[in-house]
$ cat run-v3.txt   # compact mmCIF, C-alpha atoms
# COMPACT_ATOMS: atom_id res chain seq x y z
CA MET A 435 15.81 -8.95 -10.78
CA ARG A 436 16.74 -8.80 -7.13
CA SER A 437 18.76 -5.81 -5.95
CA TYR A 438 22.37 -6.12 -4.87
CA VAL A 439 21.76 -5.98 -1.13
CA PRO A 440 25.30 -5.00 0.01
CA ALA A 441 24.87 -1.74 -1.90
CA TYR A 442 22.14 -0.62 0.49
CA GLU A 443 23.00 1.22 3.66
CA MET A 444 20.76 1.32 6.72
CA GLN A 445 21.53 2.91 10.04
CA GLU A 446 19.64 3.30 13.26
CA PRO A 447 19.38 6.81 14.74
CA ARG A 448 19.69 7.10 18.55
CA ASN A 449 16.40 8.99 18.80
CA LEU A 450 14.05 11.16 16.74
CA ALA A 451 16.21 14.28 17.21
CA ASP A 452 19.23 12.38 15.90
CA ALA A 453 17.26 11.18 12.87
CA LEU A 454 16.06 14.71 12.08
CA GLU A 455 19.52 16.13 12.61
CA ARG A 456 20.98 13.72 10.06
CA MET A 457 18.19 14.42 7.60
CA ALA A 458 18.84 18.17 7.99
CA ARG A 459 22.61 17.84 7.58
CA GLU A 460 22.33 15.98 4.28
CA PRO A 461 18.83 16.65 2.89
CA GLY A 462 17.62 13.83 0.69
CA GLU A 463 20.62 11.63 1.50
CA TRP A 464 18.94 9.57 4.21
CA ARG A 465 15.35 8.45 3.92
CA PRO A 466 13.22 7.17 6.77
CA PHE A 467 12.42 3.44 6.70
CA ALA A 468 9.57 2.15 8.88
CA GLY A 469 8.03 -1.34 8.67
CA GLY A 470 9.38 -2.08 5.19
CA THR A 471 6.19 -3.48 3.69
CA ASP A 472 6.57 -1.26 0.62
CA LEU A 473 10.32 -0.59 0.47
CA MET A 474 11.43 -4.21 0.91
CA VAL A 475 9.15 -5.22 -1.96
CA LEU A 476 10.93 -2.68 -4.17
CA LEU A 477 14.29 -3.99 -2.95
CA GLU A 478 13.32 -7.53 -3.91
CA SER A 479 12.24 -6.52 -7.40
CA GLY A 480 15.33 -4.40 -8.04
CA LYS A 481 13.34 -1.16 -8.08
CA LEU A 482 14.57 0.52 -4.91
CA SER A 483 16.54 3.39 -6.40
CA HIS A 484 17.38 5.15 -3.13
CA ARG A 485 20.33 3.58 -1.28
CA LYS A 486 20.58 5.02 2.23
CA PHE A 487 17.97 4.59 4.92
CA LEU A 488 17.44 5.47 8.52
CA SER A 489 15.51 2.79 10.36
CA ILE A 490 12.94 4.68 12.43
CA TRP A 491 10.93 1.56 13.36
CA LYS A 492 12.15 1.44 16.95
CA LEU A 493 11.83 5.13 17.81
CA PRO A 494 9.35 5.28 20.70
CA GLU A 495 8.51 8.91 19.87
CA LEU A 496 6.79 7.73 16.70
CA HIS A 497 4.62 5.02 18.26
CA GLY A 498 1.33 5.28 20.12
CA ILE A 499 -2.22 6.55 19.77
CA THR A 500 -3.50 9.30 22.06
CA VAL A 501 -7.05 10.48 22.61
CA THR A 502 -8.11 13.94 23.81
CA PRO A 503 -11.67 15.34 23.99
CA THR A 504 -11.22 17.02 20.59
CA HIS A 505 -8.84 14.81 18.61
CA VAL A 506 -7.29 11.40 18.18
CA THR A 507 -3.61 11.52 17.33
CA LEU A 508 -1.98 8.53 15.73
CA ASN A 509 1.77 8.67 15.83
CA SER A 510 3.09 7.82 12.41
CA LEU A 511 4.33 4.31 13.20
CA SER A 512 0.94 3.13 14.43
CA THR A 513 0.49 -0.18 12.66
CA TYR A 514 -2.66 -1.42 10.98
CA SER A 515 -2.91 -4.05 13.73
CA GLU A 516 -2.81 -1.37 16.43
CA ILE A 517 -5.38 0.71 14.59
CA ARG A 518 -7.88 -2.07 14.01
CA ARG A 519 -7.66 -3.27 17.63
CA HIS A 520 -8.16 0.20 19.11
CA GLU A 521 -11.61 0.33 20.69
CA LEU A 522 -12.24 4.05 20.41
CA LEU A 523 -11.06 4.11 16.80
CA ALA A 524 -13.38 1.19 16.01
CA ARG A 525 -16.29 3.12 17.52
CA GLU A 526 -15.64 6.59 16.13
CA TYR A 527 -13.57 5.95 12.99
CA PRO A 528 -14.91 2.65 11.64
CA MET A 529 -13.75 3.40 8.09
CA LEU A 530 -10.15 3.72 9.22
CA CYS A 531 -10.33 0.41 11.10
CA ARG A 532 -11.98 -1.25 8.15
CA ALA A 533 -9.20 0.04 5.87
CA ALA A 534 -6.59 -1.27 8.31
CA ALA A 535 -8.28 -4.67 8.45
CA GLU A 536 -8.44 -4.89 4.65
CA THR A 537 -4.80 -3.99 4.04
CA GLY A 538 -2.84 -7.20 3.35
CA GLY A 539 -2.81 -10.10 5.79
CA ILE A 540 -2.00 -10.16 9.51
CA ALA A 541 1.77 -10.18 8.91
CA THR A 542 1.53 -7.06 6.75
CA GLN A 543 -0.79 -5.39 9.24
CA ASN A 544 1.76 -6.00 12.00
CA ARG A 545 4.43 -4.08 10.10
CA GLY A 546 2.62 -1.64 7.83
CA THR A 547 2.24 1.82 9.35
CA ILE A 548 -0.20 4.65 8.78
CA GLY A 549 2.66 7.13 8.28
CA GLY A 550 4.32 4.81 5.80
CA ASN A 551 1.08 4.45 3.91
CA ILE A 552 0.85 8.24 3.61
CA ALA A 553 4.53 8.76 2.74
CA ASN A 554 4.49 6.00 0.11
CA ALA A 555 1.67 8.03 -1.49
CA SER A 556 0.22 5.23 -3.58
CA PRO A 557 -3.10 6.24 -5.15
CA ALA A 558 -4.27 2.68 -4.42
CA ALA A 559 -3.62 2.80 -0.67
CA ASP A 560 -6.57 1.85 1.53
CA SER A 561 -6.36 4.18 4.52
CA PRO A 562 -6.02 7.58 2.73
CA PRO A 563 -9.65 7.78 1.52
CA ALA A 564 -10.82 7.27 5.11
CA LEU A 565 -8.32 9.82 6.43
CA LEU A 566 -9.50 12.36 3.85
CA VAL A 567 -13.12 11.95 4.89
CA TYR A 568 -12.12 12.41 8.53
CA ASP A 569 -10.32 15.67 7.63
CA ALA A 570 -6.99 14.40 8.90
CA GLU A 571 -4.04 16.69 9.47
CA LEU A 572 -0.39 15.70 9.41
CA GLU A 573 2.40 16.85 11.67
CA LEU A 574 5.64 17.20 9.73
CA VAL A 575 8.76 17.53 11.81
CA SER A 576 12.30 18.53 10.97
CA ALA A 577 15.34 19.68 12.92
CA SER A 578 14.02 23.24 12.55
CA GLY A 579 10.58 22.60 14.00
CA SER A 580 7.16 21.19 13.38
CA ARG A 581 4.16 22.16 11.26
CA TRP A 582 0.63 20.84 10.83
CA VAL A 583 -0.76 20.56 7.32
CA PRO A 584 -4.15 19.37 6.09
CA TYR A 585 -3.96 15.92 4.50
CA HIS A 586 -6.28 17.16 1.77
CA GLY A 587 -4.01 18.66 -0.85
CA PHE A 588 -0.87 16.96 0.44
CA TRP A 589 -0.07 15.53 -2.99
CA LYS A 590 1.71 17.17 -5.88
CA GLY A 591 1.12 14.30 -8.30
CA TYR A 592 1.43 10.57 -8.72
CA LYS A 593 3.41 9.29 -5.72
CA GLN A 594 4.58 12.81 -4.89
CA ILE A 595 3.86 14.57 -1.63
CA ALA A 596 4.34 18.13 -0.46
CA MET A 597 7.05 17.47 2.08
CA ARG A 598 10.61 18.75 2.34
CA LYS A 599 13.50 16.31 2.18
CA ASP A 600 14.49 17.03 5.77
CA GLU A 601 10.99 16.36 7.11
CA LEU A 602 9.24 13.26 8.28
CA ILE A 603 5.65 12.57 9.26
CA ARG A 604 5.47 12.48 13.04
CA ALA A 605 1.73 12.16 13.57
CA ILE A 606 -1.70 12.09 12.00
CA ARG A 607 -4.57 13.82 13.79
CA VAL A 608 -8.30 13.49 13.23
CA PRO A 609 -11.01 15.63 14.86
CA ARG A 610 -13.62 13.98 17.08
CA ASN A 611 -17.34 14.60 17.52
CA VAL A 612 -17.98 15.38 13.88
CA GLY A 613 -21.47 13.94 14.07
CA PHE A 614 -21.71 11.72 11.02
CA SER A 615 -24.90 9.69 11.06
CA LYS A 616 -23.58 7.33 8.39
CA GLN A 617 -20.16 6.06 7.39
CA PHE A 618 -19.62 3.87 4.35
CA TYR A 619 -16.34 2.24 3.29
CA ARG A 620 -15.91 -0.21 0.44
CA LYS A 621 -12.75 -1.60 -1.08
CA VAL A 622 -13.28 -3.45 -4.34
CA GLY A 623 -10.43 -5.76 -5.35
CA THR A 624 -9.95 -9.02 -7.19
CA ARG A 625 -10.32 -11.07 -4.01
CA ARG A 626 -11.41 -10.28 -0.50
CA ALA A 627 -8.05 -11.02 1.07
CA GLN A 628 -4.65 -9.63 0.15
CA ALA A 629 -5.69 -7.84 -3.04
CA ILE A 630 -4.75 -4.26 -3.87
CA SER A 631 -7.90 -2.27 -4.60
CA LYS A 632 -9.37 -1.52 -8.01
CA VAL A 633 -11.58 1.12 -6.46
CA CYS A 634 -11.74 2.27 -2.87
CA PHE A 635 -14.62 4.45 -1.69
CA ALA A 636 -15.06 6.21 1.65
CA GLY A 637 -18.12 8.32 2.35
CA ALA A 638 -19.64 9.86 5.46
CA ALA A 639 -22.65 12.07 5.94
CA ARG A 640 -24.91 13.73 8.44
CA VAL A 641 -28.55 13.30 7.56
CA ASP A 642 -30.98 15.51 9.44
CA ALA A 643 -34.76 15.66 8.95
CA GLY A 644 -34.40 13.66 5.74
CA LEU A 645 -31.80 15.95 4.19
CA ILE A 646 -28.07 15.50 3.66
CA VAL A 647 -26.71 18.28 5.84
CA ASP A 648 -23.05 17.39 5.44
CA VAL A 649 -21.29 14.88 3.23
CA ARG A 650 -17.72 13.93 2.44
CA ILE A 651 -16.54 11.50 -0.21
CA ALA A 652 -13.02 10.29 -1.03
CA LEU A 653 -11.77 7.67 -3.44
CA GLY A 654 -8.63 5.68 -4.11
CA SER A 655 -7.32 3.96 -7.30
CA VAL A 656 -9.31 6.22 -9.64
CA ALA A 657 -6.80 9.05 -10.26
CA PRO A 658 -3.04 9.74 -9.97
CA THR A 659 -3.67 10.55 -6.30
CA VAL A 660 -6.27 9.68 -3.72
CA LEU A 661 -8.92 12.39 -3.97
CA ARG A 662 -11.86 14.13 -2.29
CA ALA A 663 -14.86 14.40 -4.63
CA THR A 664 -15.69 17.93 -3.52
CA GLU A 665 -17.90 18.85 -6.50
CA THR A 666 -19.99 15.73 -6.03
CA GLU A 667 -20.26 16.51 -2.33
CA LYS A 668 -21.59 20.00 -3.16
CA MET A 669 -24.21 18.48 -5.40
CA LEU A 670 -25.47 16.17 -2.65
CA ARG A 671 -25.45 18.71 0.16
CA GLY A 672 -28.93 19.90 1.07
CA GLU A 673 -30.59 17.18 -0.99
CA LYS A 674 -32.76 14.24 -0.05
CA PRO A 675 -30.71 11.02 -0.12
CA GLY A 676 -31.69 8.56 -2.84
CA SER A 677 -33.53 11.31 -4.68
CA ALA A 678 -33.24 12.41 -8.29
CA VAL A 679 -29.92 14.07 -7.53
CA LEU A 680 -28.12 10.73 -7.78
CA ALA A 681 -27.81 10.68 -11.58
CA ALA A 682 -26.35 14.18 -11.60
CA ALA A 683 -24.00 13.27 -8.73
CA GLN A 684 -22.79 10.23 -10.66
CA GLU A 685 -22.07 12.42 -13.68
CA SER A 686 -20.22 14.84 -11.46
CA LEU A 687 -18.16 12.00 -10.02
CA ALA A 688 -17.21 10.92 -13.54
CA ARG A 689 -15.84 14.43 -14.14
CA GLU A 690 -13.87 14.44 -10.89
CA ILE A 691 -12.06 11.13 -11.20
CA ALA A 692 -9.57 10.05 -13.87
CA PRO A 693 -9.31 6.26 -13.81
CA ILE A 694 -6.87 4.45 -16.08
CA ASP A 695 -6.31 0.98 -17.51
CA ASP A 696 -3.54 -0.82 -15.63
CA ILE A 697 -2.53 -4.27 -14.39
CA ARG A 698 -5.36 -4.40 -11.87
CA SER A 699 -8.34 -3.11 -13.80
CA THR A 700 -9.67 -0.92 -16.59
CA ALA A 701 -10.77 2.71 -16.66
CA ARG A 702 -14.27 1.67 -17.73
CA TYR A 703 -14.70 -0.81 -14.90
CA ARG A 704 -13.37 1.61 -12.33
CA LEU A 705 -15.68 4.41 -13.45
CA ARG A 706 -18.70 2.12 -13.35
CA VAL A 707 -17.82 0.72 -9.92
CA ALA A 708 -17.10 4.18 -8.50
CA GLN A 709 -20.53 5.34 -9.67
CA ASN A 710 -22.20 2.21 -8.31
CA LEU A 711 -20.54 2.72 -4.95
CA LEU A 712 -21.79 6.31 -4.92
CA ALA A 713 -25.29 4.95 -5.52
CA GLU A 714 -24.88 2.39 -2.75
CA PHE A 715 -23.65 5.09 -0.41
CA CYS A 716 -26.61 7.35 -1.23
CA GLU A 717 -29.04 4.48 -0.72
CA SER A 718 -27.49 3.76 2.65
CA LEU A 719 -28.22 7.37 3.64
CA ALA A 720 -31.91 6.93 2.87
CA SER A 721 -32.30 3.89 5.12
CA MET B 439 30.39 -3.30 -8.57
CA PRO B 440 28.57 -0.66 -6.49
CA GLU B 441 30.04 0.48 -3.22
CA ALA B 442 29.06 -1.87 -0.40
CA ALA B 443 27.65 -0.95 3.00
CA ARG B 444 29.67 -2.14 5.96
CA LYS B 445 28.41 -5.29 7.62
CA ILE B 446 26.84 -4.92 11.04
CA ARG B 447 26.61 -7.26 13.98
CA VAL B 448 23.03 -8.42 14.58
CA GLN B 449 22.28 -10.23 17.81
CA CYS B 450 18.97 -11.90 18.39
CA GLU B 451 17.37 -14.84 20.11
CA ILE B 452 16.11 -17.52 17.75
CA ASN B 453 13.97 -20.31 19.18
CA GLY B 454 15.39 -19.56 22.61
CA ARG B 455 19.05 -19.54 21.53
CA ALA B 456 21.16 -16.39 21.48
CA MET B 457 22.72 -15.97 18.05
CA SER B 458 24.80 -13.34 16.34
CA PHE B 459 25.50 -12.62 12.69
CA ASP B 460 27.67 -10.26 10.69
CA VAL B 461 25.46 -9.16 7.85
CA HIS B 462 24.69 -6.29 5.52
CA PRO B 463 22.07 -4.12 7.22
CA MET B 464 19.43 -4.62 4.55
CA ALA B 465 19.96 -8.34 4.11
CA ARG B 466 16.58 -10.00 4.34
CA LEU B 467 15.95 -11.72 7.66
CA LEU B 468 14.68 -14.66 5.60
CA ASP B 469 18.15 -15.11 4.07
CA VAL B 470 19.89 -14.67 7.41
CA LEU B 471 17.72 -17.41 8.91
CA ARG B 472 18.19 -19.82 6.01
CA GLU B 473 21.78 -19.19 5.03
CA GLN B 474 23.49 -18.08 8.21
CA ALA B 475 21.44 -19.64 11.01
CA GLY B 476 20.95 -22.81 8.95
CA LEU B 477 17.22 -22.74 9.66
CA THR B 478 15.88 -23.74 6.26
CA GLY B 479 12.40 -24.59 7.55
CA THR B 480 11.34 -21.02 6.77
CA LYS B 481 10.53 -20.99 3.05
CA GLU B 482 10.67 -18.36 0.35
CA GLY B 483 7.62 -18.12 -1.88
CA CYS B 484 7.00 -14.79 -3.53
CA GLY B 485 9.63 -12.66 -1.80
CA GLU B 486 7.24 -9.72 -1.71
CA GLY B 487 5.06 -10.21 1.34
CA GLU B 488 2.09 -11.73 -0.48
CA CYS B 489 2.32 -15.46 0.15
CA GLY B 490 3.29 -15.92 3.82
CA ALA B 491 5.65 -18.87 3.18
CA CYS B 492 8.36 -17.02 5.11
CA SER B 493 6.14 -16.23 8.12
CA ILE B 494 7.92 -16.18 11.47
CA GLU B 495 7.18 -14.63 14.84
CA MET B 496 9.26 -11.63 15.84
CA ASP B 497 8.71 -10.33 19.38
CA GLY B 498 5.40 -12.18 19.41
CA ALA B 499 4.09 -10.72 16.15
CA LEU B 500 3.60 -12.67 12.95
CA VAL B 501 5.76 -11.12 10.21
CA ASN B 502 6.98 -11.94 6.72
CA SER B 503 10.72 -12.47 7.13
CA CYS B 504 11.34 -11.55 3.48
CA LEU B 505 10.33 -7.99 4.32
CA ILE B 506 12.45 -7.52 7.45
CA PRO B 507 15.88 -5.95 6.99
CA ALA B 508 18.44 -7.69 9.21
CA LEU B 509 19.20 -4.50 11.12
CA GLN B 510 15.63 -4.39 12.46
CA ALA B 511 15.99 -7.90 13.88
CA ASP B 512 18.74 -6.79 16.23
CA GLY B 513 17.64 -7.51 19.80
CA ALA B 514 14.52 -9.39 18.67
CA LYS B 515 13.10 -12.67 19.91
CA ILE B 516 12.35 -14.82 16.91
CA SER B 517 10.44 -18.09 16.55
CA THR B 518 10.66 -20.18 13.42
CA ILE B 519 9.08 -23.51 12.51
CA GLU B 520 12.12 -25.28 13.99
CA GLY B 521 11.10 -23.99 17.42
CA VAL B 522 7.47 -25.06 17.31
CA ALA B 523 7.80 -28.69 18.44
CA SER B 524 9.24 -29.46 21.84
CA ALA B 525 12.00 -32.08 22.09
CA GLU B 526 9.54 -34.96 22.27
CA ASP B 527 6.16 -33.75 21.11
CA LEU B 528 4.68 -31.99 18.16
CA SER B 529 2.55 -28.97 18.91
CA ALA B 530 -1.24 -29.26 18.73
CA VAL B 531 -1.21 -27.44 15.41
CA GLN B 532 1.41 -29.77 13.92
CA GLN B 533 -0.47 -32.85 15.12
CA ALA B 534 -3.68 -31.56 13.63
CA PHE B 535 -1.94 -30.93 10.26
CA LEU B 536 -0.78 -34.56 10.27
CA ALA B 537 -4.17 -35.94 11.24
CA HIS B 538 -6.11 -33.89 8.69
CA GLY B 539 -3.74 -33.93 5.73
CA GLY B 540 -3.01 -30.21 6.15
CA ALA B 541 0.30 -30.51 4.27
CA GLN B 542 0.63 -31.40 0.62
CA CYS B 543 3.82 -30.23 -1.10
CA GLY B 544 4.80 -28.61 2.19
CA ILE B 545 6.18 -25.28 1.02
CA CYS B 546 3.41 -23.23 2.65
CA THR B 547 3.19 -25.46 5.74
CA PRO B 548 5.76 -23.77 8.01
CA GLY B 549 4.14 -20.40 7.39
CA MET B 550 0.65 -21.81 7.86
CA ILE B 551 1.65 -23.39 11.16
CA LEU B 552 3.29 -20.21 12.39
CA ALA B 553 0.20 -18.18 11.40
CA ALA B 554 -2.11 -20.67 13.16
CA ARG B 555 0.08 -20.78 16.25
CA ASN B 556 0.20 -17.00 16.38
CA LEU B 557 -3.60 -16.85 16.18
CA LEU B 558 -3.94 -19.33 19.05
CA SER B 559 -1.50 -17.34 21.15
CA ARG B 560 -3.68 -14.24 20.76
CA ASN B 561 -7.06 -15.91 20.81
CA THR B 562 -7.63 -19.32 22.39
CA GLN B 563 -11.13 -19.69 21.00
CA PRO B 564 -11.21 -18.18 17.54
CA THR B 565 -14.34 -18.29 15.42
CA GLU B 566 -14.25 -19.88 11.97
CA SER B 567 -14.06 -16.49 10.33
CA GLU B 568 -11.22 -15.45 12.64
CA ILE B 569 -9.33 -18.58 11.57
CA ARG B 570 -9.91 -17.77 7.90
CA GLU B 571 -8.74 -14.22 8.44
CA ALA B 572 -5.62 -15.35 10.32
CA LEU B 573 -4.68 -17.60 7.40
CA ALA B 574 -5.60 -15.10 4.67
CA GLY B 575 -2.00 -13.94 4.33
CA ASN B 576 -0.76 -17.47 3.61
CA LEU B 577 -1.17 -18.90 0.15
CA CYS B 578 -1.15 -22.62 -0.71
CA ARG B 579 -0.26 -23.38 -4.31
CA CYS B 580 -1.64 -26.92 -3.95
CA THR B 581 -4.90 -25.15 -2.99
CA GLY B 582 -5.42 -27.52 -0.06
CA TYR B 583 -7.16 -24.80 1.89
CA THR B 584 -10.05 -26.86 3.25
CA LYS B 585 -7.75 -29.39 4.89
CA ILE B 586 -5.54 -26.64 6.25
CA PHE B 587 -8.58 -24.86 7.66
CA GLU B 588 -9.86 -28.11 9.20
CA SER B 589 -6.45 -28.77 10.72
CA VAL B 590 -6.43 -25.41 12.45
CA LEU B 591 -10.03 -25.86 13.58
CA GLU B 592 -9.05 -29.20 15.09
CA ALA B 593 -6.02 -27.66 16.80
CA CYS B 594 -8.33 -25.09 18.41
CA ARG B 595 -10.59 -27.86 19.70
CA ALA B 596 -7.62 -29.87 20.99
CA GLN B 597 -6.29 -26.86 22.82
CA ARG B 598 -9.60 -26.01 24.50
CA PRO B 599 -9.84 -27.33 28.04
CA ARG B 600 -11.96 -30.47 28.16
CA PRO B 601 -15.07 -30.36 30.33
$ encode --input "run-v3.txt" --output "structure tokens"
Amino acid sequence: MRSYVPAYEMQEPRNLADALERMAREPGEWRPFAGGTDLMVLLESGKLSHRKFLSIWKLPELHGITVTPTHVTLNSLSTYSEIRRHELLAREYPMLCRAAAETGGIATQNRGTIGGNIANASPAADSPPALLVYDAELELVSASGSRWVPYHGFWKGYKQIAMRKDELIRAIRVPRNVGFSKQFYRKVGTRRAQAISKVCFAGAARVDAGLIVDVRIALGSVAPTVLRATETEKMLRGEKPGSAVLAAAQESLAREIAPIDDIRSTARYRLRVAQNLLAEFCESLAS
Amino acid sequence: MPEAARKIRVQCEINGRAMSFDVHPMARLLDVLREQAGLTGTKEGCGEGECGACSIEMDGALVNSCLIPALQADGAKISTIEGVASAEDLSAVQQAFLAHGGAQCGICTPGMILAARNLLSRNTQPTESEIREALAGNLCRCTGYTKIFESVLEACRAQRPRP
């Protein structure tokens, strides 16, 4: 059932400092609201339990993508459309652009933001696996200052993130020049367009003289949170791609993920697809 | 009844006309357009950003109006289906929909036309796959996708300068 709209309060802060000040004065009372592609859906279905929001959508401090020799910094309200159209991102972070292009349709991509995707903390989100593989860091700001935290380990559980109530995500930073020779991103959903993923797989590796020198793997929709498959990575490191290690790596992956049956898929299907995607990724490293 | 938020004044430009509304801040822009501006051409399908029936342009970007809280429309320039035709003529996209049977029951048509028009404003010569992608966020329950696709393809041809 639709929510009773008059019961919801939304205000517009004058600037970022004003927003943070209000969040510090009454922690938990006001929550940031960006493009609304998740929160308005909850409102419509009567499931938006929080009642007071600060609209941060128009704060210029939270928009923009900047490039330095060592990092790319995406301010948290960078939209999927901005991300997928960014030439340097397309060249150096193709998995992130692919994730952006596969999230919803154009109208959703124009409003959905990378910071919102992280804060919403859905295990089925499309950009987090790519961000994990790129070793992203988050800048959390509050009235009392700013801190950078690794994105890996930012979750406490299903839809729960390690952030204080007076903080908001100001920016997401990814290191450059990491030297991957291969990047592989696959989202498997019911349809190609508009479907939420059943399994999302992001993998990147550096293959040198026929050996996997470095490898990172992250998955979505196969556990209560998006996750890095660090044990499986260890197993592949130093090995020949496509070699006998694959079967053991697939077994390791099965131990690392915890897929469930839900409205979109089954645990069995998700496990099988995750293992198949690992195989596809390993094959791509051999070619 | 739960405590109600105070109404706010939202001023925006809709199809070139300055308008102002007193609304609850999280009222859906879709409802403001239909019930307060009287612009019922914008349709509601799913109400959750999946179907694109409520597509409009806000500051040049295609958006689902069911997912926009009224407060965020303050100061915006909005185009709805009512603003697509000029006083005398249909737009190229509308003409192509007529010629190719792009509309069946008509519920998805305003959103389809807005999505197609938005594509053509960004890209005057889209490829077939770019057209399909631009329409991917708009669902047609009559499943008349081929005719819709052909209509948009024709509109692209019509818009291209003739040699």
$ residues_around --input "run-v3.txt" --residues "Ser458 of chain B" --least-positions-apart "6" --cutoff "12 Å" --atoms "only C-alpha atoms" --output "list in words"
Ile446, Arg447, Val448, Gln449, Cys450, Glu451, Ile452, Val470, Leu471, Gln474, Ala475, Ala508, Leu509, Ala511, Asp512, Gly513 and Ala514 of chain B
$ write_last_selection --input "run-v3.txt" --atoms "C-alpha atoms" --output "PDB file, in the frame of the given file"
ATOM      1  CA  ILE B 446      26.840  -4.920  11.040  1.00  0.00           C
ATOM      2  CA  ARG B 447      26.610  -7.260  13.980  1.00  0.00           C
ATOM      3  CA  VAL B 448      23.030  -8.420  14.580  1.00  0.00           C
ATOM      4  CA  GLN B 449      22.280 -10.230  17.810  1.00  0.00           C
ATOM      5  CA  CYS B 450      18.970 -11.900  18.390  1.00  0.00           C
ATOM      6  CA  GLU B 451      17.370 -14.840  20.110  1.00  0.00           C
ATOM      7  CA  ILE B 452      16.110 -17.520  17.750  1.00  0.00           C
ATOM      8  CA  VAL B 470      19.890 -14.670   7.410  1.00  0.00           C
ATOM      9  CA  LEU B 471      17.720 -17.410   8.910  1.00  0.00           C
ATOM     10  CA  GLN B 474      23.490 -18.080   8.210  1.00  0.00           C
ATOM     11  CA  ALA B 475      21.440 -19.640  11.010  1.00  0.00           C
ATOM     12  CA  ALA B 508      18.440  -7.690   9.210  1.00  0.00           C
ATOM     13  CA  LEU B 509      19.200  -4.500  11.120  1.00  0.00           C
ATOM     14  CA  ALA B 511      15.990  -7.900  13.880  1.00  0.00           C
ATOM     15  CA  ASP B 512      18.740  -6.790  16.230  1.00  0.00           C
ATOM     16  CA  GLY B 513      17.640  -7.510  19.800  1.00  0.00           C
ATOM     17  CA  ALA B 514      14.520  -9.390  18.670  1.00  0.00           C
TER      18      ALA B 514
END
$ atom_distance --input "run-v3.txt" --atom1 "atom CA of Cys580 of chain B" --atom2 "atom CA of Gly487 of chain B"
18.8 Å
$ atom_distance --input "run-v3.txt" --atom1 "atom CA of Thr507 of chain A" --atom2 "atom CA of Asp497 of chain B"
25.2 Å
$ residues_around --input "run-v3.txt" --residues "Tyr583 of chain B" --least-positions-apart "6" --cutoff "10 Å" --atoms "all atoms listed in the file" --output "compact mmCIF listing (two decimals) with C-alpha atoms, in the frame of the given file"
# COMPACT_ATOMS: atom_id res chain seq x y z
CA GLY B 540 -3.01 -30.21 6.15
CA ALA B 541 0.30 -30.51 4.27
CA ARG B 570 -9.91 -17.77 7.90
CA LEU B 573 -4.68 -17.60 7.40
CA ASN B 576 -0.76 -17.47 3.61
CA LEU B 577 -1.17 -18.90 0.15
CA SER B 589 -6.45 -28.77 10.72
$ atom_distance --input "run-v3.txt" --atom1 "atom CA of Ala458 of chain A" --atom2 "atom CA of Ser576 of chain A"
7.2 Å
$ interface_residues --input "run-v3.txt" --of "chain B" --to "chain A" --cutoff "9 Å" --atoms "all atoms listed in the file" --output "VMD selection string"
chain B and resid 439 to 445 461 to 466 485 to 488 490 493 to 494 499 to 502 504 to 507 509 to 510 553 571 to 576
$ closest_residue --input "run-v3.txt" --among "A:Val608, A:Leu661, A:Ala652, A:Ala683" --to "Val501 of chain A" --atoms "all atoms listed in the file"
A:Val608
$ closest_residue --input "run-v3.txt" --among "A:Arg598, A:Arg650, A:Arg620, A:Arg671" --to "Asn710 of chain A" --atoms "all atoms listed in the file"
A:Arg620
$ residues_around --input "run-v3.txt" --residues "Phe587 of chain B" --least-positions-apart "2" --cutoff "10 Å" --atoms "all atoms listed in the file" --output "ChimeraX atom specification"
/B:535,538,540,550,554,566,569-570,573,582-585,589-593
$ residues_near_point --input "run-v3.txt" --point "(12.4, -19.4, 9.1)" --cutoff "8 Å" --atoms "only C-alpha atoms" --output "list in words"
Leu468, Leu471, Arg472, Leu477, Thr478, Gly479, Thr480, Lys481, Cys492, Ser493, Ile494, Ser503, Ser517, Thr518, Ile519 and Glu520 of chain B
$ residues_around --input "run-v3.txt" --residues "Met669 of chain A" --least-positions-apart "3" --cutoff "8 Å" --atoms "all atoms listed in the file" --output "ChimeraX atom specification"
/A:665-666,673,679,682-683
$ residues_around --input "run-v3.txt" --residues "Gly549 of chain A" --least-positions-apart "2" --cutoff "6 Å" --atoms "all atoms listed in the file" --output "list in words"
Ser510, Leu511, Thr547, Asn551 and Ile552 of chain A
$ residues_near_point --input "run-v3.txt" --point "(-24.4, 10.1, -10.8)" --cutoff "12 Å" --atoms "all atoms listed in the file" --output "MDAnalysis selection string"
chainID A and resid 665:667 669:670 676:690 705:716
$ build_atoms --input "run-v3.txt" --residues "segment 559-563 of chain A" --atoms "N, CA and C atoms" --output "short mmCIF file (atom, residue, chain, number, x, y, z; two decimals), in the coordinates of the input"
data_model
loop_
_atom_site.label_atom_id
_atom_site.label_comp_id
_atom_site.auth_asym_id
_atom_site.auth_seq_id
_atom_site.Cartn_x
_atom_site.Cartn_y
_atom_site.Cartn_z
N ALA A 559 -3.68 3.14 -2.09
CA ALA A 559 -3.62 2.80 -0.67
C ALA A 559 -5.03 2.82 -0.06
N ASP A 560 -5.22 2.03 0.99
CA ASP A 560 -6.57 1.85 1.53
C ASP A 560 -6.95 2.84 2.64
N SER A 561 -5.98 3.29 3.42
CA SER A 561 -6.36 4.18 4.52
C SER A 561 -6.56 5.65 4.10
N PRO A 562 -5.86 6.16 3.07
CA PRO A 562 -6.02 7.58 2.73
C PRO A 562 -7.45 8.04 2.44
N PRO A 563 -8.29 7.27 1.72
CA PRO A 563 -9.65 7.78 1.52
C PRO A 563 -10.38 8.01 2.85
#
